[in-house]
Amino acid sequence: MELTVIKIGGSVITNKKSGKPKINSRNLQMVARQLEDFKDPYILIHGAGSYGHPLAQKSGIDKGIAQPEQLVALAQTQRLQNLLDSIVCDALIKKGIPAFPCQASSHAILENGRLVKMDTAAIEGLLGLNVIPVCYGVPAFDKARGCSILSGDQIAPYLAKKLGAVRIIEAGDVEGIFTVNPKRNKKAVLIDRVTLSNYKEIIVHLNGSLAPDVTGGMKQKYLELLAAAETGIVAQIVHFKSLKDALAGKHIGTVIDLRN
């Protein structure tokens with residue numbers, strides 16, 4: 001069976017605009033229900049939301065370690081992310097899904113904000129056991145800066161390319177990529193397909209997130225997925241409520257396919 005990498009936005013499972021960590025239990029349960037009957041192998045990655053972005057932005061650790069005082073913020077952000085991952089796995093386990101917490105930052109190396117190395121042997125082994133690895137975006141060691149944010153949007157294509165996934169599904173709080181920000185403009189039009197003929201034009205439509213975000217918002221998400229699509233992986237951005245339909249292969253949201 002073919003491998004799928006699924007990324008759930010932090011704005012879905014938490015209240016991202018909250019100044020303190022706050023889970024969105026209703027949305028998390030909805031995600032868990034949609035994954036309950038999906039039996040193909042997959043890796044699940046989730047964003048940080050209010051468990052990571054506000055503290056990372058306030059402390060400046062997303063730009064590196066410049067002061068000793070930032071080390072406590074670095075440790076605290078990691079702790080909060082571990083807690084969030086535990087909550088996510090608990091929701092999945094209650095649905096009978098063998099969700100296994102995977103701390104990507106413990107075996108990843110970044111340089112100037114880019115993921116350059118990540119040991120995936122354990123994740124590959126877990127997949128062989130039919131266990132679901134659950135990774136998450138988190139501050140990680142950066143050779144140049146001391147620390148950078150290892151975002152789920154970087155982890156997803158990295159794992160997809162290294163482990164031979166055929167598709168990446170990003171489930172967030174918008175239906176896909178639009179001509180303008182749909183949260184600000186009711187005239188926004190969904191761009192339902194990105195191909196070799198229009199992929200260069202899409203970038204002009206994209207802006208960052210409305211909530212605190214140290215990973216670049218939709219624009220960076222698109223660039224990361226585009227890099228994966230250039231290797232033949234099909235990427236899809238959907239609303240989290242439509243995750244089950246996307247997993248079933250339905251053409252919804254925005255599909256990025258550069259194979260022809």
# chains A, B, ... in the order shown; residues from 1 in each chain; ligands from 1
call {"tool": "residues_around", "arguments": {"residues": "Leu243 in chain A", "least_positions_apart": "3", "cutoff": "9 Å", "atoms": "only C-alpha atoms", "output": "list in words"}}
result
Val31, Gln34, Leu35, Ile169, Glu170, Ala171, Val238, His239, Phe240, Ala246, Leu247 and Ala248 of chain A
call {"tool": "select_by_dssp", "arguments": {"residues": "range 51-134 of chain A", "states": "helix (DSSP H, G or I)", "output": "PyMOL selection string"}}
result
chain A and resi 51+53-59+61-63+70-93+104-107+121-128
call {"tool": "atom_distance", "arguments": {"atom1": "CA of Ala108 in chain A", "atom2": "CA of Ala140 in chain A"}}
result
7.0 Å
call {"tool": "residues_around", "arguments": {"residues": "Pro139 in chain A", "least_positions_apart": "5", "cutoff": "6 Å", "atoms": "only C-alpha atoms", "output": "mmCIF file with N, CA and C atoms, in the first residue's frame"}}
result
data_model
loop_
_atom_site.group_PDB
_atom_site.id
_atom_site.type_symbol
_atom_site.label_atom_id
_atom_site.label_comp_id
_atom_site.auth_asym_id
_atom_site.auth_seq_id
_atom_site.Cartn_x
_atom_site.Cartn_y
_atom_site.Cartn_z
ATOM 1 N N SER A 148 16.344 26.982 15.408
ATOM 2 C CA SER A 148 15.370 27.443 14.415
ATOM 3 C C SER A 148 14.099 26.643 14.614
ATOM 4 N N ILE A 149 13.026 27.092 13.996
ATOM 5 C CA ILE A 149 11.771 26.358 14.097
ATOM 6 C C ILE A 149 11.711 25.294 13.004
ATOM 7 N N LEU A 150 11.674 24.049 13.424
ATOM 8 C CA LEU A 150 11.469 22.940 12.500
ATOM 9 C C LEU A 150 9.960 22.782 12.318
#
call {"tool": "residues_around", "arguments": {"residues": "Asn130 in chain A", "least_positions_apart": "4", "cutoff": "12 Å", "atoms": "only C-alpha atoms", "output": "ChimeraX atom specification"}}
result
/A:1,3,39-43,97-100,123-126
call {"tool": "closest_residue", "arguments": {"among": "A:Gly217, A:Leu223, A:Lys161, A:Lys22", "to": "Tyr199 in chain A", "atoms": "only C-alpha atoms"}}
result
A:Leu223
call {"tool": "closest_residue", "arguments": {"among": "A:Leu92, A:Val12, A:Val134, A:Ala144", "to": "Arg33 in chain A", "atoms": "only C-alpha atoms"}}
result
A:Leu92
call {"tool": "select_by_dssp", "arguments": {"residues": "range 16-229 of chain A", "states": "strand (DSSP E)", "output": "MDAnalysis selection string"}}
result
chainID A and resid 42:46 99:101 108:111 114:118 132:136 138:142 146:150 167:172 177:178 190:191 193:194
call {"tool": "closest_residue", "arguments": {"among": "A:Ser50, A:Gln78, A:Gln70, A:Thr195", "to": "Thr254 in chain A", "atoms": "only C-alpha atoms"}}
result
A:Thr195
call {"tool": "atom_distance", "arguments": {"atom1": "CA of Glu224 in chain A", "atom2": "CA of Ser25 in chain A"}}
result
28.1 Å
call {"tool": "residues_around", "arguments": {"residues": "Leu163 in chain A", "least_positions_apart": "2", "cutoff": "10 Å", "atoms": "only C-alpha atoms", "output": "list in words"}}
result
Leu3, Thr4, Val5, Thr120, Ala121, Ile123, Glu124, Pro157, Tyr158, Leu159, Ala160, Lys161, Ala165 and Val166 of chain A
call {"tool": "closest_residue", "arguments": {"among": "A:Asn27, A:Thr77, A:Thr231, A:Asn260", "to": "Gly164 in chain A", "atoms": "only C-alpha atoms"}}
result
A:Thr231
call {"tool": "residues_around", "arguments": {"residues": "Ala66 in chain A", "least_positions_apart": "4", "cutoff": "9 Å", "atoms": "only C-alpha atoms", "output": "list in words"}}
result
Gly60, Ile61, Gln70, Arg145 and Gly146 of chain A
call {"tool": "closest_residue", "arguments": {"among": "A:Gly113, A:Gly152, A:Gly137, A:Gly176", "to": "Leu190 in chain A", "atoms": "only C-alpha atoms"}}
result
A:Gly176
call {"tool": "closest_residue", "arguments": {"among": "A:Leu258, A:Leu225, A:Cys135, A:Pro68", "to": "Leu196 in chain A", "atoms": "only C-alpha atoms"}}
result
A:Leu258
call {"tool": "atom_distance", "arguments": {"atom1": "CA of Ile252 in chain A", "atom2": "CA of Val174 in chain A"}}
result
11.8 Å
call {"tool": "residues_around", "arguments": {"residues": "Val255 in chain A", "least_positions_apart": "3", "cutoff": "6 Å", "atoms": "only C-alpha atoms", "output": "MDAnalysis selection string"}}
result
chainID A and resid 193 235:236
call {"tool": "write_last_selection", "arguments": {"atoms": "C-alpha atoms", "output": "mmCIF file, in the first residue's frame"}}
result
data_model
loop_
_atom_site.group_PDB
_atom_site.id
_atom_site.type_symbol
_atom_site.label_atom_id
_atom_site.label_comp_id
_atom_site.auth_asym_id
_atom_site.auth_seq_id
_atom_site.Cartn_x
_atom_site.Cartn_y
_atom_site.Cartn_z
ATOM 1 C CA ARG A 193 -5.388 22.888 -9.431
ATOM 2 C CA ALA A 235 0.171 17.593 -2.733
ATOM 3 C CA GLN A 236 -3.312 18.639 -1.654
#
